[in-house]
$ cat entry-v7.txt   # compact mmCIF, N, CA and C atoms
# COMPACT_ATOMS: atom_id res chain seq x y z
N MET A 7 20.55 -24.49 32.37
CA MET A 7 19.62 -23.79 31.53
C MET A 7 20.34 -23.00 30.43
N LYS A 8 21.56 -22.53 30.71
CA LYS A 8 22.32 -21.73 29.76
C LYS A 8 22.65 -22.51 28.48
N PRO A 9 23.05 -23.79 28.56
CA PRO A 9 23.32 -24.54 27.33
C PRO A 9 22.07 -24.67 26.46
N PHE A 10 20.90 -24.82 27.09
CA PHE A 10 19.66 -24.94 26.33
C PHE A 10 19.38 -23.64 25.56
N ALA A 11 19.59 -22.49 26.21
CA ALA A 11 19.38 -21.20 25.55
C ALA A 11 20.35 -21.03 24.38
N LEU A 12 21.58 -21.47 24.55
CA LEU A 12 22.57 -21.37 23.49
C LEU A 12 22.17 -22.24 22.30
N ILE A 13 21.71 -23.45 22.57
CA ILE A 13 21.29 -24.37 21.51
C ILE A 13 20.08 -23.79 20.77
N LEU A 14 19.14 -23.24 21.51
CA LEU A 14 17.95 -22.65 20.92
C LEU A 14 18.33 -21.45 20.03
N THR A 15 19.23 -20.62 20.51
CA THR A 15 19.69 -19.47 19.73
C THR A 15 20.36 -19.92 18.45
N MET A 16 21.20 -20.92 18.54
CA MET A 16 21.89 -21.44 17.35
C MET A 16 20.89 -22.02 16.35
N ALA A 17 19.86 -22.68 16.86
CA ALA A 17 18.84 -23.24 15.97
C ALA A 17 18.13 -22.14 15.20
N PHE A 18 17.79 -21.04 15.88
CA PHE A 18 17.13 -19.92 15.20
C PHE A 18 18.05 -19.28 14.17
N LEU A 19 19.31 -19.11 14.52
CA LEU A 19 20.26 -18.54 13.57
C LEU A 19 20.42 -19.43 12.34
N LEU A 20 20.53 -20.72 12.55
CA LEU A 20 20.66 -21.66 11.44
C LEU A 20 19.42 -21.61 10.55
N ALA A 21 18.26 -21.57 11.16
CA ALA A 21 17.02 -21.49 10.38
C ALA A 21 16.99 -20.21 9.56
N GLY A 22 17.44 -19.11 10.14
CA GLY A 22 17.49 -17.85 9.41
C GLY A 22 18.44 -17.91 8.23
N PHE A 23 19.62 -18.50 8.43
CA PHE A 23 20.59 -18.62 7.35
C PHE A 23 20.05 -19.52 6.24
N LEU A 24 19.40 -20.60 6.61
CA LEU A 24 18.87 -21.51 5.61
C LEU A 24 17.77 -20.85 4.80
N SER A 25 16.88 -20.13 5.46
CA SER A 25 15.80 -19.48 4.71
C SER A 25 16.35 -18.39 3.80
N HIS A 26 17.39 -17.68 4.26
CA HIS A 26 18.01 -16.65 3.43
C HIS A 26 18.73 -17.28 2.25
N ALA A 27 19.39 -18.38 2.47
CA ALA A 27 20.13 -19.05 1.40
C ALA A 27 19.21 -19.58 0.32
N GLN A 28 17.97 -19.90 0.68
CA GLN A 28 17.04 -20.44 -0.29
C GLN A 28 16.26 -19.36 -1.02
N SER A 29 16.58 -18.08 -0.77
CA SER A 29 15.82 -17.01 -1.41
C SER A 29 15.97 -17.03 -2.93
N GLY A 30 16.98 -17.67 -3.45
CA GLY A 30 17.16 -17.76 -4.89
C GLY A 30 16.64 -19.07 -5.46
N SER A 31 15.85 -19.80 -4.70
CA SER A 31 15.36 -21.10 -5.13
C SER A 31 14.33 -20.97 -6.26
N PRO A 32 14.06 -22.05 -6.99
CA PRO A 32 13.05 -22.02 -8.04
C PRO A 32 11.67 -21.63 -7.51
N ASP A 33 11.34 -22.05 -6.30
CA ASP A 33 10.05 -21.68 -5.72
C ASP A 33 9.95 -20.17 -5.58
N MET A 34 11.01 -19.53 -5.13
CA MET A 34 11.01 -18.09 -4.96
C MET A 34 10.89 -17.40 -6.31
N ALA A 35 11.59 -17.92 -7.31
CA ALA A 35 11.51 -17.34 -8.65
C ALA A 35 10.08 -17.43 -9.18
N PHE A 36 9.41 -18.54 -8.95
CA PHE A 36 8.03 -18.70 -9.37
C PHE A 36 7.12 -17.70 -8.68
N GLN A 37 7.33 -17.48 -7.37
CA GLN A 37 6.53 -16.50 -6.64
C GLN A 37 6.76 -15.11 -7.19
N GLN A 38 8.01 -14.75 -7.50
CA GLN A 38 8.30 -13.44 -8.06
C GLN A 38 7.62 -13.27 -9.41
N GLU A 39 7.61 -14.33 -10.21
CA GLU A 39 6.97 -14.27 -11.52
C GLU A 39 5.48 -14.03 -11.36
N LYS A 40 4.85 -14.70 -10.39
CA LYS A 40 3.42 -14.51 -10.16
C LYS A 40 3.12 -13.07 -9.75
N ILE A 41 3.96 -12.48 -8.89
CA ILE A 41 3.75 -11.11 -8.47
C ILE A 41 3.87 -10.16 -9.65
N THR A 42 4.86 -10.37 -10.49
CA THR A 42 5.10 -9.50 -11.63
C THR A 42 3.94 -9.54 -12.61
N GLU A 43 3.31 -10.68 -12.74
CA GLU A 43 2.22 -10.82 -13.69
C GLU A 43 0.89 -10.36 -13.14
N GLY A 44 0.82 -9.98 -11.88
CA GLY A 44 -0.44 -9.57 -11.27
C GLY A 44 -1.04 -8.36 -11.97
N GLN A 45 -2.37 -8.33 -12.00
CA GLN A 45 -3.05 -7.21 -12.64
C GLN A 45 -2.74 -5.90 -11.94
N GLY A 46 -2.90 -5.90 -10.65
CA GLY A 46 -2.70 -4.66 -9.92
C GLY A 46 -2.88 -4.87 -8.44
N ILE A 47 -2.66 -3.79 -7.73
CA ILE A 47 -2.86 -3.83 -6.29
C ILE A 47 -3.53 -2.53 -5.89
N THR A 48 -4.43 -2.63 -4.94
CA THR A 48 -5.12 -1.47 -4.41
C THR A 48 -4.82 -1.39 -2.93
N VAL A 49 -4.37 -0.21 -2.51
CA VAL A 49 -4.11 0.05 -1.10
C VAL A 49 -5.18 1.01 -0.61
N MET A 50 -5.90 0.60 0.41
CA MET A 50 -6.92 1.47 0.98
C MET A 50 -6.38 2.09 2.25
N TRP A 51 -6.24 3.42 2.24
CA TRP A 51 -5.72 4.15 3.38
C TRP A 51 -6.88 4.82 4.09
N SER A 52 -7.13 4.42 5.34
CA SER A 52 -8.23 5.02 6.10
C SER A 52 -7.79 5.56 7.46
N SER A 53 -6.56 5.33 7.85
CA SER A 53 -6.08 5.75 9.16
C SER A 53 -5.76 7.25 9.17
N ALA A 54 -6.16 7.93 10.24
CA ALA A 54 -5.84 9.35 10.40
C ALA A 54 -4.42 9.55 10.93
N ASP A 55 -3.72 8.50 11.23
CA ASP A 55 -2.36 8.59 11.77
C ASP A 55 -1.39 8.84 10.61
N PRO A 56 -0.73 10.01 10.56
CA PRO A 56 0.19 10.28 9.45
C PRO A 56 1.37 9.32 9.40
N GLU A 57 1.73 8.71 10.54
CA GLU A 57 2.82 7.74 10.54
C GLU A 57 2.49 6.51 9.70
N ILE A 58 1.22 6.12 9.70
CA ILE A 58 0.80 4.98 8.86
C ILE A 58 1.05 5.32 7.39
N PHE A 59 0.70 6.54 7.01
CA PHE A 59 0.92 6.93 5.62
C PHE A 59 2.41 7.03 5.32
N ASN A 60 3.14 7.75 6.16
CA ASN A 60 4.56 8.01 5.90
C ASN A 60 5.43 6.76 5.94
N ASN A 61 5.10 5.81 6.81
CA ASN A 61 5.97 4.64 6.99
C ASN A 61 5.43 3.35 6.38
N CYS A 62 4.20 3.35 5.95
CA CYS A 62 3.63 2.12 5.37
C CYS A 62 3.05 2.37 3.98
N VAL A 63 2.04 3.24 3.91
CA VAL A 63 1.29 3.44 2.66
C VAL A 63 2.18 4.00 1.55
N ALA A 64 2.79 5.16 1.79
CA ALA A 64 3.57 5.82 0.73
C ALA A 64 4.76 4.96 0.26
N PRO A 65 5.58 4.42 1.18
CA PRO A 65 6.70 3.60 0.68
C PRO A 65 6.24 2.37 -0.10
N PHE A 66 5.17 1.73 0.37
CA PHE A 66 4.69 0.54 -0.32
C PHE A 66 4.18 0.89 -1.72
N CYS A 67 3.36 1.94 -1.82
CA CYS A 67 2.82 2.33 -3.12
C CYS A 67 3.92 2.75 -4.08
N ARG A 68 4.82 3.57 -3.59
CA ARG A 68 5.90 4.05 -4.45
C ARG A 68 6.81 2.91 -4.90
N GLY A 69 7.18 2.04 -3.97
CA GLY A 69 8.03 0.91 -4.32
C GLY A 69 7.37 -0.03 -5.31
N SER A 70 6.09 -0.31 -5.09
CA SER A 70 5.37 -1.21 -6.00
C SER A 70 5.26 -0.62 -7.39
N SER A 71 5.08 0.69 -7.46
CA SER A 71 4.96 1.35 -8.76
C SER A 71 6.33 1.45 -9.44
N ASN A 72 7.34 1.88 -8.71
CA ASN A 72 8.69 2.06 -9.30
C ASN A 72 9.30 0.74 -9.75
N GLN A 73 9.04 -0.34 -9.01
CA GLN A 73 9.63 -1.62 -9.34
C GLN A 73 8.79 -2.41 -10.33
N LYS A 74 7.67 -1.83 -10.76
CA LYS A 74 6.79 -2.45 -11.74
C LYS A 74 6.35 -3.85 -11.29
N GLN A 75 6.09 -3.98 -9.98
CA GLN A 75 5.64 -5.27 -9.47
C GLN A 75 4.22 -5.58 -9.92
N TYR A 76 3.45 -4.55 -10.24
CA TYR A 76 2.06 -4.71 -10.65
C TYR A 76 1.83 -3.84 -11.87
N LYS A 77 0.85 -4.22 -12.68
CA LYS A 77 0.52 -3.40 -13.84
C LYS A 77 0.02 -2.03 -13.42
N ASN A 78 -0.73 -1.99 -12.34
CA ASN A 78 -1.20 -0.71 -11.82
C ASN A 78 -1.29 -0.75 -10.29
N VAL A 79 -0.98 0.39 -9.70
CA VAL A 79 -1.05 0.55 -8.25
C VAL A 79 -2.05 1.67 -7.99
N THR A 80 -3.06 1.37 -7.18
CA THR A 80 -4.09 2.35 -6.87
C THR A 80 -4.12 2.59 -5.36
N LEU A 81 -4.22 3.84 -4.98
CA LEU A 81 -4.38 4.22 -3.58
C LEU A 81 -5.77 4.81 -3.41
N PHE A 82 -6.59 4.17 -2.57
CA PHE A 82 -7.91 4.70 -2.20
C PHE A 82 -7.76 5.41 -0.87
N ILE A 83 -8.22 6.64 -0.79
CA ILE A 83 -8.19 7.38 0.47
C ILE A 83 -9.63 7.44 0.96
N TRP A 84 -9.81 7.04 2.22
CA TRP A 84 -11.16 6.85 2.72
C TRP A 84 -11.21 7.20 4.20
N GLY A 85 -12.36 7.61 4.66
CA GLY A 85 -12.59 7.82 6.09
C GLY A 85 -11.71 8.92 6.68
N PRO A 86 -11.23 8.74 7.91
CA PRO A 86 -10.46 9.76 8.61
C PRO A 86 -9.18 10.19 7.88
N ALA A 87 -8.67 9.35 6.98
CA ALA A 87 -7.48 9.73 6.21
C ALA A 87 -7.79 10.94 5.33
N ILE A 88 -9.04 11.09 4.92
CA ILE A 88 -9.46 12.25 4.12
C ILE A 88 -9.21 13.54 4.90
N ARG A 89 -9.67 13.54 6.14
CA ARG A 89 -9.49 14.73 7.00
C ARG A 89 -8.01 15.04 7.20
N GLU A 90 -7.23 14.00 7.47
CA GLU A 90 -5.80 14.19 7.71
C GLU A 90 -5.11 14.75 6.46
N LEU A 91 -5.45 14.22 5.30
CA LEU A 91 -4.85 14.70 4.06
C LEU A 91 -5.23 16.15 3.81
N ALA A 92 -6.48 16.51 4.06
CA ALA A 92 -6.93 17.89 3.82
C ALA A 92 -6.19 18.88 4.71
N ASP A 93 -5.81 18.46 5.91
CA ASP A 93 -5.18 19.36 6.89
C ASP A 93 -3.66 19.34 6.89
N ASN A 94 -3.05 18.41 6.18
CA ASN A 94 -1.61 18.20 6.31
C ASN A 94 -0.90 18.42 4.96
N LYS A 95 -0.20 19.55 4.83
CA LYS A 95 0.47 19.92 3.58
C LYS A 95 1.58 18.91 3.20
N GLN A 96 2.26 18.36 4.20
CA GLN A 96 3.31 17.39 3.92
C GLN A 96 2.71 16.14 3.28
N LEU A 97 1.58 15.67 3.81
CA LEU A 97 0.93 14.50 3.21
C LEU A 97 0.45 14.83 1.81
N GLN A 98 -0.06 16.02 1.61
CA GLN A 98 -0.52 16.43 0.28
C GLN A 98 0.64 16.36 -0.73
N SER A 99 1.79 16.85 -0.30
CA SER A 99 2.97 16.81 -1.17
C SER A 99 3.37 15.37 -1.49
N ARG A 100 3.30 14.50 -0.53
CA ARG A 100 3.67 13.09 -0.75
C ARG A 100 2.68 12.40 -1.68
N VAL A 101 1.39 12.75 -1.56
CA VAL A 101 0.38 12.16 -2.45
C VAL A 101 0.63 12.61 -3.88
N VAL A 102 0.92 13.90 -4.08
CA VAL A 102 1.24 14.40 -5.42
C VAL A 102 2.47 13.67 -5.97
N ASP A 103 3.46 13.43 -5.13
CA ASP A 103 4.67 12.70 -5.53
C ASP A 103 4.31 11.27 -5.97
N LEU A 104 3.42 10.61 -5.22
CA LEU A 104 3.00 9.26 -5.61
C LEU A 104 2.36 9.27 -6.99
N MET A 105 1.49 10.26 -7.22
CA MET A 105 0.82 10.34 -8.53
C MET A 105 1.83 10.57 -9.65
N SER A 106 2.85 11.39 -9.38
CA SER A 106 3.86 11.64 -10.42
C SER A 106 4.72 10.40 -10.67
N ASN A 107 4.67 9.44 -9.75
CA ASN A 107 5.41 8.19 -9.92
C ASN A 107 4.51 7.04 -10.39
N GLY A 108 3.34 7.37 -10.91
CA GLY A 108 2.48 6.37 -11.54
C GLY A 108 1.42 5.74 -10.67
N VAL A 109 1.27 6.18 -9.43
CA VAL A 109 0.23 5.62 -8.57
C VAL A 109 -1.08 6.34 -8.86
N ASP A 110 -2.13 5.58 -9.09
CA ASP A 110 -3.48 6.11 -9.29
C ASP A 110 -4.05 6.44 -7.92
N VAL A 111 -4.43 7.67 -7.66
CA VAL A 111 -4.94 8.05 -6.33
C VAL A 111 -6.38 8.50 -6.45
N LYS A 112 -7.23 7.89 -5.64
CA LYS A 112 -8.67 8.19 -5.63
C LYS A 112 -9.12 8.42 -4.20
N ALA A 113 -10.08 9.33 -4.05
CA ALA A 113 -10.62 9.62 -2.73
C ALA A 113 -12.13 9.41 -2.75
N CYS A 114 -12.65 8.95 -1.64
CA CYS A 114 -14.09 8.69 -1.52
C CYS A 114 -14.85 10.02 -1.47
N GLN A 115 -15.77 10.17 -2.40
CA GLN A 115 -16.55 11.40 -2.49
C GLN A 115 -17.38 11.63 -1.22
N SER A 116 -18.01 10.59 -0.71
CA SER A 116 -18.82 10.73 0.50
C SER A 116 -17.98 11.18 1.68
N ALA A 117 -16.80 10.59 1.84
CA ALA A 117 -15.93 10.98 2.94
C ALA A 117 -15.44 12.41 2.76
N CYS A 118 -15.12 12.80 1.53
CA CYS A 118 -14.70 14.18 1.28
C CYS A 118 -15.82 15.15 1.66
N GLU A 119 -17.04 14.80 1.33
CA GLU A 119 -18.17 15.66 1.69
C GLU A 119 -18.38 15.67 3.20
N ASN A 120 -18.29 14.52 3.84
CA ASN A 120 -18.49 14.46 5.30
C ASN A 120 -17.46 15.28 6.06
N TYR A 121 -16.22 15.30 5.57
CA TYR A 121 -15.15 16.04 6.24
C TYR A 121 -14.95 17.43 5.63
N HIS A 122 -15.82 17.83 4.69
CA HIS A 122 -15.72 19.13 4.03
C HIS A 122 -14.30 19.33 3.47
N ALA A 123 -13.83 18.35 2.74
CA ALA A 123 -12.44 18.34 2.30
C ALA A 123 -12.27 18.32 0.78
N THR A 124 -13.35 18.32 0.03
CA THR A 124 -13.25 18.23 -1.43
C THR A 124 -12.42 19.37 -2.00
N GLU A 125 -12.58 20.57 -1.47
CA GLU A 125 -11.86 21.74 -2.00
C GLU A 125 -10.35 21.66 -1.76
N GLU A 126 -9.92 20.90 -0.76
CA GLU A 126 -8.49 20.74 -0.50
C GLU A 126 -7.90 19.57 -1.27
N ILE A 127 -8.71 18.55 -1.52
CA ILE A 127 -8.18 17.31 -2.09
C ILE A 127 -8.25 17.29 -3.62
N ALA A 128 -9.34 17.71 -4.20
CA ALA A 128 -9.49 17.66 -5.66
C ALA A 128 -8.41 18.45 -6.40
N PRO A 129 -8.01 19.65 -5.95
CA PRO A 129 -6.95 20.39 -6.67
C PRO A 129 -5.59 19.70 -6.70
N LEU A 130 -5.39 18.72 -5.84
CA LEU A 130 -4.13 17.97 -5.85
C LEU A 130 -4.02 17.06 -7.07
N GLY A 131 -5.15 16.82 -7.73
CA GLY A 131 -5.19 15.88 -8.84
C GLY A 131 -5.76 14.53 -8.45
N VAL A 132 -6.17 14.43 -7.19
CA VAL A 132 -6.78 13.19 -6.69
C VAL A 132 -8.18 13.08 -7.29
N GLU A 133 -8.50 11.92 -7.80
CA GLU A 133 -9.82 11.69 -8.38
C GLU A 133 -10.82 11.45 -7.25
N VAL A 134 -11.73 12.40 -7.08
CA VAL A 134 -12.76 12.30 -6.04
C VAL A 134 -13.98 11.67 -6.68
N GLN A 135 -14.36 10.48 -6.18
CA GLN A 135 -15.47 9.75 -6.78
C GLN A 135 -16.11 8.83 -5.76
N ASN A 136 -17.24 8.30 -6.13
CA ASN A 136 -17.88 7.30 -5.28
C ASN A 136 -17.13 5.98 -5.53
N ILE A 137 -16.36 5.57 -4.55
CA ILE A 137 -15.50 4.41 -4.78
C ILE A 137 -16.13 3.09 -4.34
N ARG A 138 -17.37 3.16 -3.86
CA ARG A 138 -18.03 1.94 -3.38
C ARG A 138 -18.08 0.85 -4.44
N LYS A 139 -18.48 1.21 -5.67
CA LYS A 139 -18.58 0.21 -6.73
C LYS A 139 -17.20 -0.35 -7.10
N GLU A 140 -16.23 0.53 -7.13
CA GLU A 140 -14.88 0.09 -7.49
C GLU A 140 -14.31 -0.85 -6.42
N ILE A 141 -14.57 -0.54 -5.16
CA ILE A 141 -14.12 -1.43 -4.09
C ILE A 141 -14.79 -2.78 -4.22
N ALA A 142 -16.09 -2.78 -4.47
CA ALA A 142 -16.82 -4.04 -4.63
C ALA A 142 -16.25 -4.84 -5.79
N ARG A 143 -15.95 -4.17 -6.90
CA ARG A 143 -15.37 -4.87 -8.05
C ARG A 143 -14.00 -5.45 -7.69
N ASN A 144 -13.20 -4.69 -6.96
CA ASN A 144 -11.89 -5.18 -6.55
C ASN A 144 -12.01 -6.40 -5.66
N LEU A 145 -12.96 -6.37 -4.74
CA LEU A 145 -13.15 -7.51 -3.84
C LEU A 145 -13.67 -8.74 -4.57
N GLU A 146 -14.32 -8.54 -5.71
CA GLU A 146 -14.82 -9.67 -6.50
C GLU A 146 -13.73 -10.31 -7.33
N GLY A 147 -12.53 -9.73 -7.32
CA GLY A 147 -11.41 -10.40 -7.99
C GLY A 147 -10.87 -9.71 -9.20
N ASP A 148 -11.26 -8.46 -9.48
CA ASP A 148 -10.73 -7.77 -10.64
C ASP A 148 -9.31 -7.24 -10.42
N VAL A 149 -8.85 -7.23 -9.20
CA VAL A 149 -7.45 -6.89 -8.92
C VAL A 149 -6.81 -8.07 -8.22
N SER A 150 -5.49 -8.10 -8.26
CA SER A 150 -4.80 -9.21 -7.65
C SER A 150 -4.92 -9.16 -6.12
N GLN A 151 -4.77 -7.96 -5.55
CA GLN A 151 -4.73 -7.87 -4.10
C GLN A 151 -5.33 -6.55 -3.64
N LEU A 152 -5.87 -6.56 -2.43
CA LEU A 152 -6.38 -5.36 -1.79
C LEU A 152 -5.80 -5.31 -0.39
N ILE A 153 -5.13 -4.22 -0.06
CA ILE A 153 -4.52 -4.04 1.26
C ILE A 153 -5.21 -2.86 1.92
N THR A 154 -5.58 -3.01 3.18
CA THR A 154 -6.18 -1.89 3.91
C THR A 154 -5.29 -1.47 5.07
N LEU A 155 -5.10 -0.17 5.21
CA LEU A 155 -4.29 0.39 6.28
C LEU A 155 -5.01 1.58 6.89
$ encode --input "entry-v7.txt" --output "structure tokens"
Amino acid sequence: MKPFALILTMAFLLAGFLSHAQSGSPDMAFQQEKITEGQGITVMWSSADPEIFNNCVAPFCRGSSNQKQYKNVTLFIWGPAIRELADNKQLQSRVVDLMSNGVDVKACQSACENYHATEEIAPLGVEVQNIRKEIARNLEGDVSQLITL
């Protein structure tokens, strides 16, 4: 059984090396060009877990904006994430940092009202609005991609 495991391990390693070696292929260049030409990307953050924001949402938004992968990067804050943002000064600071790095940040007005959070969120510079129509427009294809977290 040991030789079979060794052969299987070598096959996985070889596959990894081959896929890494082809990262500079014409196909990859074409994919990068398509990403660069995309209209924009919208990230919808609804999780109350600050780890989701700190380890997924913020790095993705900041990286996409800094690397100019999209013409515009928008962060929608919705649902329980509204409550978490209103209560967490560290998250507030990170959201302000995202905005200073070119990320458009919007919060759902209904959720802000439901969580009594408008007074904490609006002064950050976050645009508090009814985002239902904008989400519908994004889903109809006015943005390149929509990611929900």
$ atom_distance --input "entry-v7.txt" --atom1 "CA of Thr48 (chain A)" --atom2 "CA of Leu81 (chain A)"
5.8 Å
$ residues_around --input "entry-v7.txt" --residues "Met105 (chain A)" --least-positions-apart "6" --cutoff "12 Å" --atoms "only C-alpha atoms" --output "list in words"
Ala64, Cys67, Arg68, Ser71, Asn72, Asn78, Val79, Thr80, Leu81, Gln98, Ser99, Val111, Lys112, Leu130, Gly131, Val132 and Glu133 of chain A
$ closest_residue --input "entry-v7.txt" --among "A:Arg89, A:Gly108, A:Ile83, A:Asn61" --to "Asn120 (chain A)" --atoms "only N, CA and C atoms"
A:Arg89
$ closest_residue --input "entry-v7.txt" --among "A:Asn60, A:Gln45, A:Gln96, A:Ser106" --to "Lys77 (chain A)" --atoms "only C-alpha atoms"
A:Gln45
$ atom_distance --input "entry-v7.txt" --atom1 "CA of Ala117 (chain A)" --atom2 "CA of Val134 (chain A)"
9.6 Å
$ atom_distance --input "entry-v7.txt" --atom1 "atom N of Gln135 (chain A)" --atom2 "atom N of Gln75 (chain A)"
25.3 Å
$ closest_residue --input "entry-v7.txt" --among "A:Val63, A:Val102, A:Ala123, A:Val109" --to "Ile88 (chain A)" --atoms "all atoms listed in the file"
A:Ala123
